Each structure stands twice: as structure tokens, then as C-alpha cells.
>>> print(open('input_15.txt').read())   # compact mmCIF, C-alpha atoms
# COMPACT_ATOMS: atom_id res chain seq x y z
CA MET A 1 7.41 12.08 -19.76
CA ASP A 2 4.60 13.22 -17.47
CA LYS A 3 1.96 11.97 -19.90
CA ALA A 4 3.59 8.52 -20.08
CA GLY A 5 3.74 8.39 -16.27
CA ILE A 6 0.06 9.29 -15.98
CA ILE A 7 -0.90 6.63 -18.54
CA LEU A 8 1.23 4.04 -16.69
CA LYS A 9 -0.40 4.99 -13.36
CA GLN A 10 -3.87 4.69 -14.90
CA LYS A 11 -3.09 1.25 -16.35
CA TYR A 12 -1.71 0.10 -12.99
CA GLN A 13 -4.79 1.40 -11.16
CA LYS A 14 -7.06 -0.29 -13.73
CA PHE A 15 -5.22 -3.56 -13.13
CA LEU A 16 -5.65 -3.18 -9.35
CA ASP A 17 -9.35 -2.40 -9.76
CA ASP A 18 -9.78 -5.50 -11.93
CA VAL A 19 -8.14 -7.91 -9.45
CA VAL A 20 -9.92 -6.68 -6.29
CA PRO A 21 -12.79 -9.22 -6.39
CA PHE A 22 -10.47 -12.22 -6.83
CA LEU A 23 -9.44 -12.76 -3.20
CA VAL A 24 -8.34 -16.40 -3.30
CA PRO A 25 -6.45 -16.22 -6.65
CA ARG A 26 -4.65 -13.07 -5.46
CA TRP A 27 -3.37 -14.77 -2.31
CA LEU A 28 -2.49 -17.95 -4.21
CA PHE A 29 -0.36 -15.78 -6.48
CA VAL A 30 1.37 -14.33 -3.39
CA LEU A 31 2.08 -17.82 -2.06
CA GLY A 32 3.45 -18.79 -5.47
CA ILE A 33 5.92 -15.92 -5.67
CA ILE A 34 6.97 -16.43 -2.04
CA PHE A 35 7.65 -20.11 -2.76
CA TYR A 36 9.59 -19.09 -5.88
CA PHE A 37 11.65 -16.65 -3.79
CA ALA A 38 12.31 -19.34 -1.14
CA TYR A 39 13.32 -21.77 -3.90
CA ARG A 40 15.83 -19.23 -5.25
CA ILE A 41 17.25 -18.65 -1.77
CA PHE A 42 17.72 -22.39 -1.15
CA ALA A 43 18.97 -23.16 -4.66
CA LEU A 44 21.46 -20.28 -4.74
CA GLU A 45 22.43 -20.66 -1.06
CA GLY A 46 22.71 -16.94 -0.54
CA TRP A 47 20.83 -13.65 -0.29
CA TYR A 48 19.87 -14.38 3.32
CA ILE A 49 19.80 -10.67 4.15
CA SER A 50 17.17 -10.14 1.42
CA CYS A 51 15.17 -13.02 2.87
CA TYR A 52 15.46 -11.63 6.42
CA ALA A 53 14.47 -8.12 5.32
CA LEU A 54 11.48 -9.50 3.41
CA ALA A 55 10.36 -11.58 6.40
CA ILE A 56 10.60 -8.56 8.75
CA PHE A 57 8.67 -6.39 6.29
CA HIS A 58 5.95 -9.05 5.91
CA LEU A 59 5.73 -9.33 9.70
CA ASN A 60 5.22 -5.56 9.98
CA LEU A 61 2.51 -5.71 7.31
CA PHE A 62 0.80 -8.59 9.12
CA ILE A 63 0.83 -6.74 12.46
CA ALA A 64 -0.66 -3.65 10.77
CA PHE A 65 -3.29 -5.93 9.17
CA LEU A 66 -4.24 -7.31 12.61
CA SER A 67 -4.29 -3.91 14.33
CA PRO A 68 -7.31 -1.61 14.57
CA LYS A 69 -7.15 1.65 12.64
CA ILE A 70 -7.66 3.62 15.84
CA ASP A 71 -5.73 2.09 18.71
CA PRO A 72 -8.08 1.78 21.72
CA LEU A 73 -5.15 2.48 24.06
CA PHE A 74 -4.60 5.96 22.60
CA ASP A 75 -8.31 6.49 22.08
CA MET A 76 -8.93 5.67 25.75
CA ALA A 77 -6.23 8.11 26.88
CA GLU A 78 -7.83 10.87 24.81
CA SER A 79 -11.34 9.98 25.92
CA MET A 80 -10.34 9.96 29.61
CA ASP A 81 -9.83 13.70 29.24
CA GLU A 82 -13.35 13.97 27.82
CA ASP A 83 -14.85 11.50 30.35
CA GLU A 84 -15.82 9.00 27.64
CA GLY A 85 -15.05 5.29 27.28
CA PRO A 86 -13.12 3.38 24.63
CA SER A 87 -14.35 3.37 21.02
CA LEU A 88 -14.52 -0.42 20.61
CA PRO A 89 -17.58 -2.16 22.06
CA THR A 90 -16.82 -3.80 25.40
CA SER A 91 -20.01 -5.80 25.85
CA ASN A 92 -22.59 -7.60 23.73
CA SER A 93 -25.25 -5.00 24.49
CA GLU A 94 -23.29 -2.20 22.82
CA GLU A 95 -23.81 -1.19 19.20
CA PHE A 96 -22.07 -3.32 16.57
CA ARG A 97 -18.99 -1.67 15.11
CA PRO A 98 -17.09 -3.50 12.38
CA PHE A 99 -13.35 -3.98 12.81
CA ILE A 100 -11.51 -1.39 10.72
CA ARG A 101 -7.92 -2.35 10.03
CA ARG A 102 -4.92 -0.09 10.08
CA LEU A 103 -3.83 -1.82 6.86
CA PRO A 104 -6.74 -3.02 4.67
CA GLU A 105 -6.55 -6.50 3.13
CA PHE A 106 -6.04 -5.25 -0.42
CA LYS A 107 -3.19 -2.92 0.57
CA PHE A 108 -1.68 -5.80 2.55
CA TRP A 109 -1.81 -7.95 -0.58
CA GLU A 110 -0.41 -5.20 -2.82
CA GLN A 111 2.51 -4.41 -0.49
CA THR A 112 3.27 -8.12 -0.08
CA VAL A 113 3.41 -8.63 -3.86
CA ILE A 114 5.59 -5.56 -4.45
CA SER A 115 8.04 -6.38 -1.64
CA THR A 116 8.34 -10.02 -2.71
CA LEU A 117 8.98 -9.06 -6.34
CA ILE A 118 11.67 -6.60 -5.18
CA ALA A 119 13.24 -9.36 -3.05
CA ILE A 120 13.22 -11.73 -6.05
CA PHE A 121 14.81 -8.96 -8.14
CA THR A 122 17.67 -8.60 -5.61
CA THR A 123 18.57 -12.29 -6.00
CA PHE A 124 19.76 -11.59 -9.56
CA PHE A 125 22.59 -9.31 -8.38
CA ASP A 126 25.65 -10.51 -6.47
CA PHE A 127 26.24 -7.27 -4.58
CA PHE A 128 23.00 -7.95 -2.61
CA ASN A 129 24.44 -11.28 -1.50
CA VAL A 130 25.99 -10.11 1.77
CA PRO A 131 27.67 -13.00 3.62
CA VAL A 132 25.95 -13.58 6.97
CA PHE A 133 25.51 -16.47 9.38
CA TRP A 134 21.92 -17.29 8.45
CA PRO A 135 20.94 -19.31 11.58
CA ILE A 136 21.32 -16.11 13.64
CA LEU A 137 18.93 -14.30 11.29
CA VAL A 138 16.41 -17.14 11.56
CA MET A 139 16.67 -17.05 15.35
CA TYR A 140 16.26 -13.24 15.40
CA PHE A 141 13.21 -13.47 13.18
CA PHE A 142 11.47 -16.12 15.30
CA ILE A 143 12.20 -14.23 18.52
CA LEU A 144 10.83 -11.05 16.97
CA PHE A 145 7.80 -12.91 15.58
CA PHE A 146 6.88 -14.49 18.93
CA LEU A 147 7.38 -11.26 20.89
CA THR A 148 5.31 -9.13 18.53
CA MET A 149 2.53 -11.71 18.22
CA LYS A 150 2.43 -12.12 22.01
CA ARG A 151 2.06 -8.35 22.39
CA GLN A 152 -0.63 -8.26 19.68
CA ILE A 153 -2.63 -11.08 21.26
CA LYS A 154 -2.42 -9.39 24.68
CA HIS A 155 -3.70 -6.20 23.05
CA MET A 156 -6.62 -8.11 21.50
CA ILE A 157 -7.50 -9.71 24.83
CA LYS A 158 -7.21 -6.45 26.75
CA PHE A 159 -9.50 -4.52 24.42
CA LYS A 160 -11.74 -7.50 23.56
CA TYR A 161 -11.61 -7.39 19.78
CA LEU A 162 -11.04 -9.88 17.01
CA PRO A 163 -9.35 -8.77 13.80
CA PHE A 164 -11.77 -10.88 11.77
CA THR A 165 -15.42 -9.88 11.70
CA HIS A 166 -18.08 -11.55 9.63
CA GLY A 167 -20.76 -8.92 10.03
CA LYS A 168 -23.31 -8.25 12.70
CA THR A 169 -24.32 -11.12 14.97
CA LYS A 170 -27.51 -12.80 13.76
CA TYR A 171 -29.83 -14.20 16.37
CA LYS A 172 -32.23 -17.11 16.01
CA GLU A 173 -35.72 -16.16 15.01
CA THR A 174 -38.09 -16.48 17.97
CA VAL A 175 -41.41 -18.21 17.50
CA LYS A 176 -44.20 -15.73 18.12
CA GLU A 177 -47.30 -16.93 19.92
CA PRO A 178 -50.59 -16.13 18.19
CA VAL A 179 -52.33 -13.09 19.61
CA VAL A 180 -55.65 -13.96 21.21
CA PRO A 181 -58.21 -11.17 20.89
CA VAL A 182 -59.53 -9.89 24.20
CA VAL A 183 -63.31 -10.01 24.46
CA SER A 184 -64.76 -7.14 26.42
CA THR A 185 -67.44 -8.00 28.94
CA LEU A 186 -68.67 -4.41 29.15
CA LYS A 187 -72.02 -3.61 27.66
CA GLU A 188 -71.71 -1.33 24.67
CA GLU A 189 -73.87 1.75 24.73
CA PRO A 190 -75.29 3.23 21.54
CA ILE A 191 -73.38 6.30 20.27
CA ASP A 192 -74.89 9.39 18.67
CA GLU A 193 -73.14 9.56 15.29
CA ALA A 194 -73.39 13.34 15.02
CA THR A 195 -71.70 14.15 18.34
CA LEU A 196 -69.97 10.81 19.03
CA ILE A 197 -71.33 10.92 22.60
CA PRO A 198 -72.91 7.81 24.19
CA ILE A 199 -76.72 8.08 24.41
>>> encode(input="input_15.txt", output="C-alpha cells")
Amino acid sequence: MDKAGIILKQKYQKFLDDVVPFLVPRWLFVLGIIFYFAYRIFALEGWYISCYALAIFHLNLFIAFLSPKIDPLFDMAESMDEDEGPSLPTSNSEEFRPFIRRLPEFKFWEQTVISTLIAIFTTFFDFFNVPVFWPILVMYFFILFFLTMKRQIKHMIKFKYLPFTHGKTKYKETVKEPVVPVVSTLKEEPIDEATLIPI
């Protein structure tokens, strides 16, 4: 059984390694399975708890995707003890540091696919169809979404970072003026080649 599990893990990892470069098709696939899940929810008129749980999980993944790996708030508190500043650059003159996410894009994609497939799987079983008043769940989700995004945007503004970097800033090339050689007006004296002393 262990050998079969190892082989299955290797095949899964090989599949993940193969799909890494295909960014747009990967996310189109995610949109497709999310639309399929939404279609099932609307067509079956049930499984609202599964939908709510999936939406909350995706929101948590998205917040982790937007957050820096090392929170500047905690980093600042630690560095205050050491009399150092925050780790993220606070001005244009500081060294460029790329934004490192708490949840990398590929892991975000992988977790989104897995959670959505699990949610689709739950729609095939009636015991997951818990009767709830779905407008309350929708209202709860939107309140939670706006509050967490407001907090995240305030965090971004406070610590002056953007979760999307496109590499180091490139500046326009300056036109260099031609160097004019300086002509010396001093009279050159002959030099003794053996001692290199002026004669």
C-alpha cells in the first residue's frame, strides 16, 4: 500500500510540475469549475452551506495571497527591540525587494481547485444539503468580504506595499554628452627614460 501511495504522489507531483507554466489556462480551468459549481447550486436549489463554506475558504486564500510572507507589523515590533526599521522598503531610494506572498500563486491555484472539486463532490449527497436561509449567508459573506478587504487595503497603505510587483523599476536611459578632451597648456618637459625624472 505504501508503494502505491508513493507512486500516486509522484504522479500527482509530476502533473503539478507540468502545469506550472500554464498560468492563464490554469485559472481558466478554475473559473470553469467554479461556474459549474454555481450552476449546480442554482439548478439544484440547495447546498447553500457548501457554497458559503467554499466562498469563505476562497476569501481566506485570497487574503493570504495578498498578504506579505513576513507581516511588517510584527517585523516592526521585533525590530523596535533591535533598533531597526521595517523590512519592506519605505521610500524609492531604498533597495528593491520583491513582494513575497504568504501564499504563492501556484499554491493558491492548487488549493482553489481542490476546495472547489470537494464542494462539487458534496453536491452529489443529500446529507450535505442542510436547509438554511441563503440570503443571510450571502449577507454574511459580503459583510465579511468588505471588512477583510478594507483591513487589507489599510494594511497595504500603512506599510506602502503592493501585492503585485513586476520587477525592479526601470528608468529611462539618459543621453550622455560626448566627453571633450582637455588640452593642457603647460609646456611638457623632456623625461629621462631611465629614471623617469624630468630633465
>>> closest_residue(input="input_15.txt", among="A:Trp134, A:Phe124, A:Phe164, A:Phe108", to="A:Leu59", atoms="only C-alpha atoms")
A:Phe108
>>> atom_distance(input="input_15.txt", atom1="atom CA of A:Glu45", atom2="atom CA of A:Thr122")
13.7 Å
>>> atom_distance(input="input_15.txt", atom1="atom CA of A:Leu8", atom2="atom CA of A:Ala64")
28.6 Å
>>> atom_distance(input="input_15.txt", atom1="atom CA of A:Ile33", atom2="atom CA of A:Asn129")
19.5 Å
>>> closest_residue(input="input_15.txt", among="A:Leu16, A:Ile7, A:Ile63, A:Leu28", to="A:Leu144", atoms="all atoms listed in the file")
A:Ile63
>>> closest_residue(input="input_15.txt", among="A:Arg40, A:Lys3, A:Lys154, A:Arg102", to="A:Ser67", atoms="all atoms listed in the file")
A:Arg102
>>> residues_around(input="input_15.txt", residues="A:Ala38", least_positions_apart="5", cutoff="10 Å", atoms="all atoms listed in the file", output="list in words")
Gly32, Ile33, Ala43, Leu44, Cys51 and Ile120 of chain A
>>> closest_residue(input="input_15.txt", among="A:Tyr140, A:Tyr161, A:Trp109, A:Phe57", to="A:Phe22", atoms="all atoms listed in the file")
A:Trp109
>>> decode(input="input_15.txt", residues="stretch 141-153 of chain A", atoms="all heavy atoms", output="compact mmCIF listing (two decimals), in the first residue's frame")
# COMPACT_ATOMS: atom_id res chain seq x y z
N PHE A 141 -21.50 36.81 4.01
CA PHE A 141 -20.29 36.75 3.18
C PHE A 141 -19.87 38.13 2.72
O PHE A 141 -18.69 38.47 2.77
CB PHE A 141 -20.49 35.82 1.98
CG PHE A 141 -19.31 35.85 1.06
CD1 PHE A 141 -18.14 35.19 1.40
CD2 PHE A 141 -19.35 36.57 -0.12
CE1 PHE A 141 -17.02 35.23 0.57
CE2 PHE A 141 -18.23 36.62 -0.95
CZ PHE A 141 -17.08 35.95 -0.61
N PHE A 142 -20.81 38.93 2.22
CA PHE A 142 -20.44 40.26 1.72
C PHE A 142 -19.94 41.17 2.83
O PHE A 142 -19.00 41.94 2.63
CB PHE A 142 -21.59 40.90 0.93
CG PHE A 142 -21.69 40.37 -0.46
CD1 PHE A 142 -22.79 39.64 -0.87
CD2 PHE A 142 -20.68 40.58 -1.38
CE1 PHE A 142 -22.88 39.14 -2.16
CE2 PHE A 142 -20.75 40.09 -2.68
CZ PHE A 142 -21.86 39.36 -3.06
N ILE A 143 -20.55 41.07 4.01
CA ILE A 143 -20.05 41.87 5.15
C ILE A 143 -18.62 41.44 5.47
O ILE A 143 -17.73 42.28 5.65
CB ILE A 143 -20.98 41.71 6.37
CG1 ILE A 143 -22.30 42.44 6.12
CG2 ILE A 143 -20.32 42.24 7.64
CD1 ILE A 143 -23.36 42.17 7.16
N LEU A 144 -18.40 40.14 5.56
CA LEU A 144 -17.06 39.63 5.85
C LEU A 144 -16.06 40.02 4.77
O LEU A 144 -14.94 40.43 5.06
CB LEU A 144 -17.12 38.11 5.99
CG LEU A 144 -15.90 37.41 6.54
CD1 LEU A 144 -15.61 37.90 7.96
CD2 LEU A 144 -16.10 35.92 6.56
N PHE A 145 -16.48 39.95 3.51
CA PHE A 145 -15.60 40.31 2.40
C PHE A 145 -15.19 41.78 2.49
O PHE A 145 -14.00 42.10 2.41
CB PHE A 145 -16.31 40.04 1.06
CG PHE A 145 -15.52 40.47 -0.13
CD1 PHE A 145 -14.49 39.68 -0.61
CD2 PHE A 145 -15.79 41.67 -0.77
CE1 PHE A 145 -13.74 40.07 -1.71
CE2 PHE A 145 -15.05 42.07 -1.87
CZ PHE A 145 -14.03 41.27 -2.35
N PHE A 146 -16.17 42.67 2.69
CA PHE A 146 -15.84 44.10 2.72
C PHE A 146 -15.00 44.46 3.94
O PHE A 146 -14.07 45.26 3.83
CB PHE A 146 -17.12 44.95 2.67
CG PHE A 146 -17.76 44.94 1.31
CD1 PHE A 146 -19.05 44.47 1.14
CD2 PHE A 146 -17.07 45.36 0.18
CE1 PHE A 146 -19.64 44.44 -0.11
CE2 PHE A 146 -17.65 45.34 -1.07
CZ PHE A 146 -18.94 44.88 -1.22
N LEU A 147 -15.27 43.85 5.08
CA LEU A 147 -14.47 44.15 6.27
C LEU A 147 -13.02 43.66 6.13
O LEU A 147 -12.09 44.38 6.48
CB LEU A 147 -15.11 43.53 7.52
CG LEU A 147 -16.41 44.19 7.99
CD1 LEU A 147 -16.99 43.44 9.17
CD2 LEU A 147 -16.20 45.65 8.34
N THR A 148 -12.84 42.46 5.61
CA THR A 148 -11.48 41.94 5.48
C THR A 148 -10.70 42.67 4.39
O THR A 148 -9.51 42.95 4.56
CB THR A 148 -11.47 40.42 5.19
OG1 THR A 148 -12.30 40.16 4.07
CG2 THR A 148 -11.93 39.63 6.38
N MET A 149 -11.36 43.01 3.29
CA MET A 149 -10.67 43.75 2.24
C MET A 149 -10.33 45.16 2.69
O MET A 149 -9.26 45.68 2.36
CB MET A 149 -11.50 43.78 0.95
CG MET A 149 -11.56 42.45 0.23
SD MET A 149 -9.95 41.69 -0.07
CE MET A 149 -9.23 42.83 -1.21
N LYS A 150 -11.21 45.78 3.47
CA LYS A 150 -10.93 47.12 4.00
C LYS A 150 -9.69 47.07 4.90
O LYS A 150 -8.80 47.91 4.80
CB LYS A 150 -12.14 47.62 4.78
CG LYS A 150 -11.97 49.00 5.37
CD LYS A 150 -13.22 49.39 6.14
CE LYS A 150 -13.02 50.71 6.85
NZ LYS A 150 -14.15 51.06 7.69
N ARG A 151 -9.64 46.05 5.76
CA ARG A 151 -8.48 45.90 6.64
C ARG A 151 -7.20 45.63 5.84
O ARG A 151 -6.15 46.19 6.14
CB ARG A 151 -8.73 44.74 7.62
CG ARG A 151 -7.66 44.63 8.70
CD ARG A 151 -7.85 43.41 9.52
NE ARG A 151 -7.52 42.26 8.68
CZ ARG A 151 -7.90 41.03 8.90
NH1 ARG A 151 -8.63 40.74 9.92
NH2 ARG A 151 -7.55 40.05 8.08
N GLN A 152 -7.31 44.82 4.79
CA GLN A 152 -6.14 44.50 3.96
C GLN A 152 -5.65 45.74 3.21
O GLN A 152 -4.45 45.97 3.13
CB GLN A 152 -6.49 43.38 2.98
CG GLN A 152 -5.32 42.84 2.21
CD GLN A 152 -4.34 42.10 3.09
OE1 GLN A 152 -4.70 41.52 4.10
NE2 GLN A 152 -3.08 42.13 2.72
N ILE A 153 -6.55 46.52 2.68
CA ILE A 153 -6.16 47.74 1.95
C ILE A 153 -5.53 48.75 2.90
O ILE A 153 -4.54 49.39 2.56
CB ILE A 153 -7.38 48.32 1.20
CG1 ILE A 153 -7.74 47.39 0.04
CG2 ILE A 153 -7.09 49.73 0.69
CD1 ILE A 153 -9.06 47.69 -0.62
